[in-house]
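Here's the structure, in structure tokens; my notes come after.
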Amino acid sequence: MLNIQDLTYRIEGRILFENATANIPSGHKVGLVGRNGVGKSTLLKILNKELNAEGGHITTSRGAKIGMVSQEAPGGPESLIEWVLSQHTEMNDLFTEAETCTDPERISDIQLRLVDINAHSAKSRAATILSGLGFDEDAQKRACGDFSGGWRMRLSLGAILFLEPDILMLDEPTNYLDLEGTMWLEAYLKTYPYTVLIVSHDRDLLNKSVNHILNLENQKLQLYRGGYDTFEDRRREHMEQQHAAKKKQDEQRKHMQAFVDKFKAKASKAKQAQSRVKMIEKLKPIAAMSENSVAPFNFPSAERTFNPPMMRFENTSVGYEAGKPILKDINLRMDPDDRIALLGANGNGKSTFAKLLAHKLERMGGEFFHHKKVKVGYFAQHQMDELDETLTPYQVIKDLMHDKTEAQVRSRVAQIGFDLDRANTKCENLSGGEKARMLFALATFHAPNLLILDEPTNHLDVDSRQALILALNDYEGAVVLISHDRHLVEASADTLWIVDQGTVKVYDGDMDDYRDLLLATRKMERSAKKVKVKPEDKGDTLKDKRKKLAQTRAKLAPLKQNISTSEANVAKLERKLKKITKALTDPKLFTDFPPKKAADISRLHGETKVLLGEWEAKWLKFLADYEKAEKFLADNKE
């Protein structure tokens with residue numbers, strides 16, 4: 001359980017939360033939403049005790065652990081799998097203690113706790129999570145320092161998922177995931193066994209992975225049941241009811257005020273007028289909810305059109321190093337009104353192909369035909385670092401409109417979505433969403449025939465993403481889209497191209513088919529790893545046989561330890577159960593003690609009985625595994 005009561009917090013004099021209250025029951029999957037800048041990330045930091053609120057209090061279930069992705073990405077020499085495993089300090093401390101501990105009771109407690117936290121399957125779980133986030137088996141063995149910042153953030157995400165905190169908090173996790181990683185995360189969060197609080201503007205993630213929406217608006221928190229679409233419908237209904245109630249109250253107030261104004265000077269009506277004044281004072285004003293509409297995006301369409309195909313590839317190859325193409329054997333065509341989404345895991349070459357389209361990379365081989373006067377607009381997240389942060393939006397646009405009047409420049413800046421105040425704000429002080437607006441404006445300023453968008457939504461809230469969809473649908477040129485936002489892809493793209501196995505080709509299916517393909521592929525990969533080949537099928541050599549015998553002998557000691565621990569725990573639980581049963585059979589329990597004590601002992605009886613059954617099952621399994629290993633050694637005695 002997570003309870004937020006009367007939370008108040010301000011930053012630089014601006015109030016973010018004022019007496020904000022919300023209660024999130026254990027096990028709920030909650031999407032925290034709200035416009036950019038309202039304080040969603042700040043709320044997570046307060047919950048994680050990185051910031052201190054000035055008022056109110058926060059309580060959680062007793063002993064509940066809160067987990068949040070670290071902002072410091074790992075970059076040391078240890079391998080990815082080693083680093084993830086090292087983050088579970090409790091597990092590692094228990095393993096270390098188990099090596100030297102001699103007290104039977106403590107050994108039993110250690111083994112019991114290791115089973116509770118699934119320590120014996122830790123490496124397998126960590127590998128599965130890393131694989132889902134895009135790190136294959138070879139990548140998991142490489143050093144953390146070998147990876148770029150974005151991949152390291154994926155690694156940090158993998159570590160917090162591996163730790164399985166009681167309250168998992170994620171802040172825009174899909175910003176550093178590709179579409180494949182996002183789909184995996186959707187499925188993972190849906191089955192996560194504990195509480196989740198996730199800040200996201202990804203509509204699909206908020207519809208498929210959470211069952212409640214926590215809306216942060218007007219410094220208050222409001223919890224809604226259902227996914228994002230359900231929240232949006234309910235909020236709109238609430239807004240309509242609020243507007244209707246406010247309109248009715250305003251009319252009531254106006255009517256009473258008219259009576260007061262008309263009769264307050266008349267002695268015969270003074271009493272009635274005074275009564276209505278008091279009624280007006282008692283009317284609690286109803287605040288109208290606003291739509292909080294965002295400024296639209298305006299993508300001007302090119303004046304000149306071309307006959308199809310606008311671009312054509314014949315056995316084209318492209319890359320960065322001579323003789324080592326990233327992509328080859330590309331045979332495709334693009335027409336002037338195509339809407340194409342590029343699919344494929346990060347690292348497969350989507351951005352490389354986008355750079356070829358944008359003439360930022362030259363072909364290495366084959367042919368690339370295109371009209372010479374085709375204008376290309378290119379948007380990529382890394383361009384944010386290339387913005388001159390000392391300039392204002394007005395100055396940036398003025399440099400492109402040097403022959404226009406100030407009024408014309410300011411009109412264009414306003415169309416982009418900057419009012420007078422923000423137009424004169426230096427780019428270094430703009431939000432991520434506002435910088436994205438600047439990049440969109442620069443990419444489309446000269447009315448391109450082809451617009452290439454490489455992960456355009458990372459800094460856009462849900463409403464801004466919807467505005468982007470509307471702008472793309474109004475735009476009359478061709479669009480090539482690379483995005484992890486499935487909703488954006490489905491609403492904006494008509495054709496899917498897949499970048500895989502060193503080439504680009506048309507994908508004959510929709511996003512549901514692609515998701516099924518990914519799930520099926522990963523299932524096959526996992527199944528292939530689990531297949532055990534019999535010695536006779538492979539014609540094992542004597543060396544292989546001796547290796548397997550040595551591995552089996554190595555298992556005997558841990559199995560003996562597990563059998564001993566299990567046996568001790570069963571005996572311990574049997575003694576405990578005997579005492580509880582004796583207490584329950586005492587008539588005085590129900591006559592001389594409060595009912596709560598009897599209920600607590602009864603509950604403890606049930607829990608102990610279940611735990612005893614679990615340990616008995618483990619004991620039997622360890623015994624069976626030990627007998628199986630002994631039989632294998634006896635059958636293959638040299």
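Here, A, B, ... name the chains of the structure tokens in the order displayed, residue numbers run from 1 inside each chain, and ligands are numbered from 1 in the same displayed order.
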
For Leu332 (chain A), please output as a ChimeraX atom specification all residues within 9 Å (counting only C-alpha atoms; exclusion window: fewer than 3 positions along the same chain).
/A:311-315,504-506

Go through region 44-291 of chain A and collect every residue that DSSP, computed from the backbone, puts in alpha helix (DSSP H); the answer should be as a PyMOL selection string.
chain A and resi 44-47+80-86+89-100+104-116+122-132+137-140+149-163+179-190+203-208+228-263+270-282

Contact residues around Leu114 (chain A) with only C-alpha atoms at 9 Å, ignoring same-chain residues under 5 positions, as a ChimeraX atom specification:
/A:91,94-95,109,119-120

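Of the listed residues (A:Gly613, A:Gly502, A:Pro104, A:Pro165), A:Pro165 comes nearest to Ile117 (chain A); the distances count only C-alpha atoms.
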
Spatial neighbours of region 627-634 of chain A, 9 Å, only C-alpha atoms, chain gap at least 6 places, as a PyMOL selection string:
chain A and resi 549+552-553+555-556

Please produce a file of the residues just selected, as a compact mmCIF listing (two decimals), in the first residue's frame, where the atoms kept are all heavy atoms.
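Written file, again15.txt:
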```txt
# COMPACT_ATOMS: atom_id res chain seq x y z
N LEU A 549 30.31 -36.21 -15.94
CA LEU A 549 30.44 -36.90 -14.66
C LEU A 549 30.96 -35.95 -13.58
O LEU A 549 30.47 -35.95 -12.44
CB LEU A 549 31.39 -38.10 -14.80
CG LEU A 549 30.84 -39.31 -15.56
CD1 LEU A 549 31.96 -40.31 -15.88
CD2 LEU A 549 29.74 -40.01 -14.75
N THR A 552 28.22 -33.57 -12.54
CA THR A 552 27.22 -34.24 -11.69
C THR A 552 27.75 -34.41 -10.27
O THR A 552 27.03 -34.21 -9.29
CB THR A 552 26.84 -35.61 -12.28
OG1 THR A 552 26.37 -35.43 -13.62
CG2 THR A 552 25.75 -36.28 -11.45
N ARG A 553 29.05 -34.82 -10.16
CA ARG A 553 29.65 -34.96 -8.81
C ARG A 553 29.63 -33.63 -8.07
O ARG A 553 29.42 -33.58 -6.86
CB ARG A 553 31.10 -35.46 -8.94
CG ARG A 553 31.23 -36.90 -9.40
CD ARG A 553 32.66 -37.40 -9.24
NE ARG A 553 32.87 -38.64 -9.98
CZ ARG A 553 33.41 -38.71 -11.19
NH1 ARG A 553 33.81 -37.60 -11.80
NH2 ARG A 553 33.57 -39.86 -11.80
N LYS A 555 27.45 -31.40 -8.19
CA LYS A 555 26.10 -31.07 -7.72
C LYS A 555 25.76 -31.76 -6.40
O LYS A 555 24.83 -31.34 -5.70
CB LYS A 555 25.07 -31.48 -8.77
CG LYS A 555 25.08 -30.65 -10.04
CD LYS A 555 24.05 -31.19 -11.02
CE LYS A 555 24.07 -30.41 -12.33
NZ LYS A 555 23.08 -30.97 -13.29
N LEU A 556 26.48 -32.86 -6.07
CA LEU A 556 26.10 -33.66 -4.91
C LEU A 556 26.19 -32.88 -3.60
O LEU A 556 25.29 -32.96 -2.76
CB LEU A 556 26.97 -34.92 -4.83
CG LEU A 556 26.71 -35.97 -5.92
CD1 LEU A 556 27.67 -37.16 -5.74
CD2 LEU A 556 25.27 -36.48 -5.86
```

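Closest approach to Asp600 (chain A) among A:Gln71, A:Ala583, A:Gly158, A:Ser41: A:Ala583, based on only C-alpha atoms.
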
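Considering the residues A:Glu389, A:Glu574, A:Asp419, A:Asp494 and counting only C-alpha atoms, Lys435 (chain A) has its shortest atom-to-atom contact with A:Glu389.
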
I need the strand (DSSP E or B) residues of region 305-501 of chain A per DSSP on the backbone, written as JSON, numbers by chain.
{"A": [311, 312, 313, 314, 315, 316, 317, 318, 319, 320, 321, 324, 325, 326, 327, 328, 329, 330, 333, 334, 339, 340, 341, 342, 343, 365, 366, 367, 368, 369, 370, 376, 377, 378, 379, 380, 450, 451, 452, 453, 454, 478, 479, 480, 481, 482, 495, 496, 497, 498, 499, 500]}

Residues just named, written with N, CA and C atoms as a short mmCIF file (atom, residue, chain, number, x, y, z; two decimals), in the first residue's frame:
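The resulting file, selection-v9.cif, is reproduced below:
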```
data_model
loop_
_atom_site.label_atom_id
_atom_site.label_comp_id
_atom_site.auth_asym_id
_atom_site.auth_seq_id
_atom_site.Cartn_x
_atom_site.Cartn_y
_atom_site.Cartn_z
N MET A 311 11.64 7.91 -54.80
CA MET A 311 12.96 7.30 -54.54
C MET A 311 12.89 5.82 -54.89
N ARG A 312 14.04 5.28 -55.32
CA ARG A 312 14.08 3.86 -55.68
C ARG A 312 15.46 3.29 -55.37
N PHE A 313 15.47 2.09 -54.79
CA PHE A 313 16.73 1.43 -54.42
C PHE A 313 16.86 0.13 -55.21
N GLU A 314 18.04 -0.11 -55.76
CA GLU A 314 18.33 -1.34 -56.47
C GLU A 314 19.65 -1.91 -55.95
N ASN A 315 19.53 -3.00 -55.19
CA ASN A 315 20.71 -3.67 -54.61
C ASN A 315 21.62 -2.67 -53.88
N THR A 316 21.00 -1.73 -53.21
CA THR A 316 21.75 -0.66 -52.54
C THR A 316 22.38 -1.16 -51.25
N SER A 317 23.57 -0.66 -50.96
CA SER A 317 24.23 -0.96 -49.68
C SER A 317 24.71 0.35 -49.07
N VAL A 318 24.79 0.38 -47.74
CA VAL A 318 25.20 1.60 -47.04
C VAL A 318 25.87 1.22 -45.73
N GLY A 319 26.82 2.03 -45.29
CA GLY A 319 27.51 1.79 -44.03
C GLY A 319 28.43 2.95 -43.74
N TYR A 320 29.32 2.75 -42.77
CA TYR A 320 30.21 3.82 -42.34
C TYR A 320 31.67 3.55 -42.70
N GLU A 321 32.00 2.27 -42.84
CA GLU A 321 33.39 1.91 -43.11
C GLU A 321 33.47 1.15 -44.43
N LYS A 324 32.56 -2.60 -45.40
CA LYS A 324 31.79 -3.20 -44.30
C LYS A 324 30.41 -2.57 -44.21
N PRO A 325 29.53 -2.87 -45.17
CA PRO A 325 28.20 -2.26 -45.16
C PRO A 325 27.37 -2.74 -43.97
N ILE A 326 26.59 -1.84 -43.43
CA ILE A 326 25.63 -2.19 -42.36
C ILE A 326 24.40 -2.84 -42.99
N LEU A 327 23.98 -2.27 -44.13
CA LEU A 327 22.81 -2.77 -44.85
C LEU A 327 23.18 -2.99 -46.31
N LYS A 328 22.61 -4.02 -46.92
CA LYS A 328 22.89 -4.27 -48.33
C LYS A 328 21.68 -4.96 -48.97
N ASP A 329 21.76 -5.10 -50.31
CA ASP A 329 20.70 -5.76 -51.08
C ASP A 329 19.33 -5.14 -50.81
N ILE A 330 19.27 -3.79 -50.76
CA ILE A 330 18.01 -3.08 -50.55
C ILE A 330 17.34 -2.87 -51.90
N ARG A 333 11.00 0.91 -53.23
CA ARG A 333 10.64 2.18 -53.85
C ARG A 333 9.77 2.98 -52.89
N MET A 334 9.86 4.30 -52.99
CA MET A 334 9.06 5.18 -52.15
C MET A 334 8.34 6.19 -53.04
N ARG A 339 3.52 6.61 -46.33
CA ARG A 339 3.69 6.76 -44.86
C ARG A 339 4.28 5.46 -44.35
N ILE A 340 5.57 5.48 -44.05
CA ILE A 340 6.32 4.25 -43.78
C ILE A 340 6.85 4.27 -42.35
N ALA A 341 6.69 3.17 -41.65
CA ALA A 341 7.32 2.99 -40.33
C ALA A 341 8.41 1.94 -40.46
N LEU A 342 9.59 2.25 -39.93
CA LEU A 342 10.70 1.30 -39.94
C LEU A 342 10.68 0.48 -38.66
N LEU A 343 10.61 -0.84 -38.80
CA LEU A 343 10.63 -1.74 -37.66
C LEU A 343 12.00 -2.39 -37.56
N GLY A 365 27.15 0.81 -52.51
CA GLY A 365 27.03 0.00 -53.71
C GLY A 365 25.60 0.00 -54.20
N GLY A 366 25.39 -0.57 -55.38
CA GLY A 366 24.05 -0.59 -55.95
C GLY A 366 23.63 0.79 -56.44
N GLU A 367 22.32 1.00 -56.58
CA GLU A 367 21.80 2.26 -57.09
C GLU A 367 20.81 2.88 -56.11
N PHE A 368 20.79 4.20 -56.08
CA PHE A 368 19.82 4.96 -55.27
C PHE A 368 19.34 6.11 -56.16
N PHE A 369 18.16 5.89 -56.78
CA PHE A 369 17.60 6.90 -57.67
C PHE A 369 16.63 7.80 -56.89
N HIS A 370 16.72 9.10 -57.13
CA HIS A 370 15.77 10.04 -56.52
C HIS A 370 15.76 11.33 -57.32
N VAL A 376 14.31 17.16 -48.13
CA VAL A 376 14.16 16.20 -47.03
C VAL A 376 14.24 16.93 -45.69
N GLY A 377 13.25 16.71 -44.84
CA GLY A 377 13.29 17.22 -43.47
C GLY A 377 13.64 16.07 -42.54
N TYR A 378 14.62 16.32 -41.63
CA TYR A 378 15.14 15.23 -40.79
C TYR A 378 15.08 15.64 -39.32
N PHE A 379 14.42 14.80 -38.51
CA PHE A 379 14.32 15.03 -37.07
C PHE A 379 14.96 13.85 -36.34
N ALA A 380 15.89 14.16 -35.43
CA ALA A 380 16.49 13.11 -34.59
C ALA A 380 16.77 13.70 -33.22
N LEU A 450 9.83 14.99 -48.17
CA LEU A 450 9.96 13.80 -47.33
C LEU A 450 10.33 14.23 -45.92
N LEU A 451 9.58 13.73 -44.96
CA LEU A 451 9.85 14.04 -43.56
C LEU A 451 10.27 12.76 -42.84
N ILE A 452 11.49 12.76 -42.28
CA ILE A 452 12.02 11.60 -41.56
C ILE A 452 12.04 11.93 -40.08
N LEU A 453 11.35 11.12 -39.28
CA LEU A 453 11.27 11.35 -37.84
C LEU A 453 11.86 10.16 -37.10
N ASP A 454 12.98 10.38 -36.44
CA ASP A 454 13.68 9.32 -35.69
C ASP A 454 13.41 9.52 -34.20
N ALA A 478 5.70 12.66 -48.10
CA ALA A 478 6.00 11.30 -47.62
C ALA A 478 6.58 11.37 -46.21
N VAL A 479 6.35 10.32 -45.43
CA VAL A 479 6.83 10.27 -44.05
C VAL A 479 7.52 8.93 -43.81
N VAL A 480 8.69 8.98 -43.19
CA VAL A 480 9.37 7.77 -42.70
C VAL A 480 9.53 7.94 -41.19
N LEU A 481 9.01 6.98 -40.46
CA LEU A 481 8.89 7.10 -39.01
C LEU A 481 9.65 5.97 -38.31
N ILE A 482 10.49 6.34 -37.35
CA ILE A 482 11.12 5.38 -36.45
C ILE A 482 10.65 5.73 -35.05
N THR A 495 2.42 1.77 -44.28
CA THR A 495 3.30 0.70 -44.76
C THR A 495 4.38 0.44 -43.73
N LEU A 496 4.73 -0.84 -43.54
CA LEU A 496 5.79 -1.21 -42.61
C LEU A 496 6.97 -1.79 -43.38
N TRP A 497 8.16 -1.26 -43.10
CA TRP A 497 9.40 -1.83 -43.61
C TRP A 497 10.19 -2.35 -42.42
N ILE A 498 10.79 -3.52 -42.55
CA ILE A 498 11.54 -4.10 -41.45
C ILE A 498 13.03 -4.11 -41.76
N VAL A 499 13.82 -3.65 -40.81
CA VAL A 499 15.28 -3.63 -40.93
C VAL A 499 15.80 -4.79 -40.11
N ASP A 500 16.29 -5.81 -40.78
CA ASP A 500 16.69 -7.03 -40.08
C ASP A 500 17.64 -7.84 -40.96
#
```

Kindly give the distance, in Å, that separates CA of Ala467 (chain A) and CA of Trp184 (chain A), rounded to a single decimal.
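One can read the CA of Ala467 (chain A) to CA of Trp184 (chain A) distance as 26.6 Å.
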
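Coordinates place CA of Val210 (chain A) at a distance of 20.4 Å from CA of Ser61 (chain A).
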
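Distances from A:Asn348, A:Gln257, A:Asn449, A:Asn429 to Val277 (chain A) were compared using only C-alpha atoms, and the smallest one belongs to A:Gln257.
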
When you look at region 148-154 of chain A with a cut-off of 12 Å (counting only C-alpha atoms), what residues show up, excluding the ones that are within fewer than 2 positions of it in the same chain? I need them as a ChimeraX atom specification.
/A:69-76,79-80,83-84,129-135,139-140,143-146,156-161,170-178,181-182,185,346-347,381-382
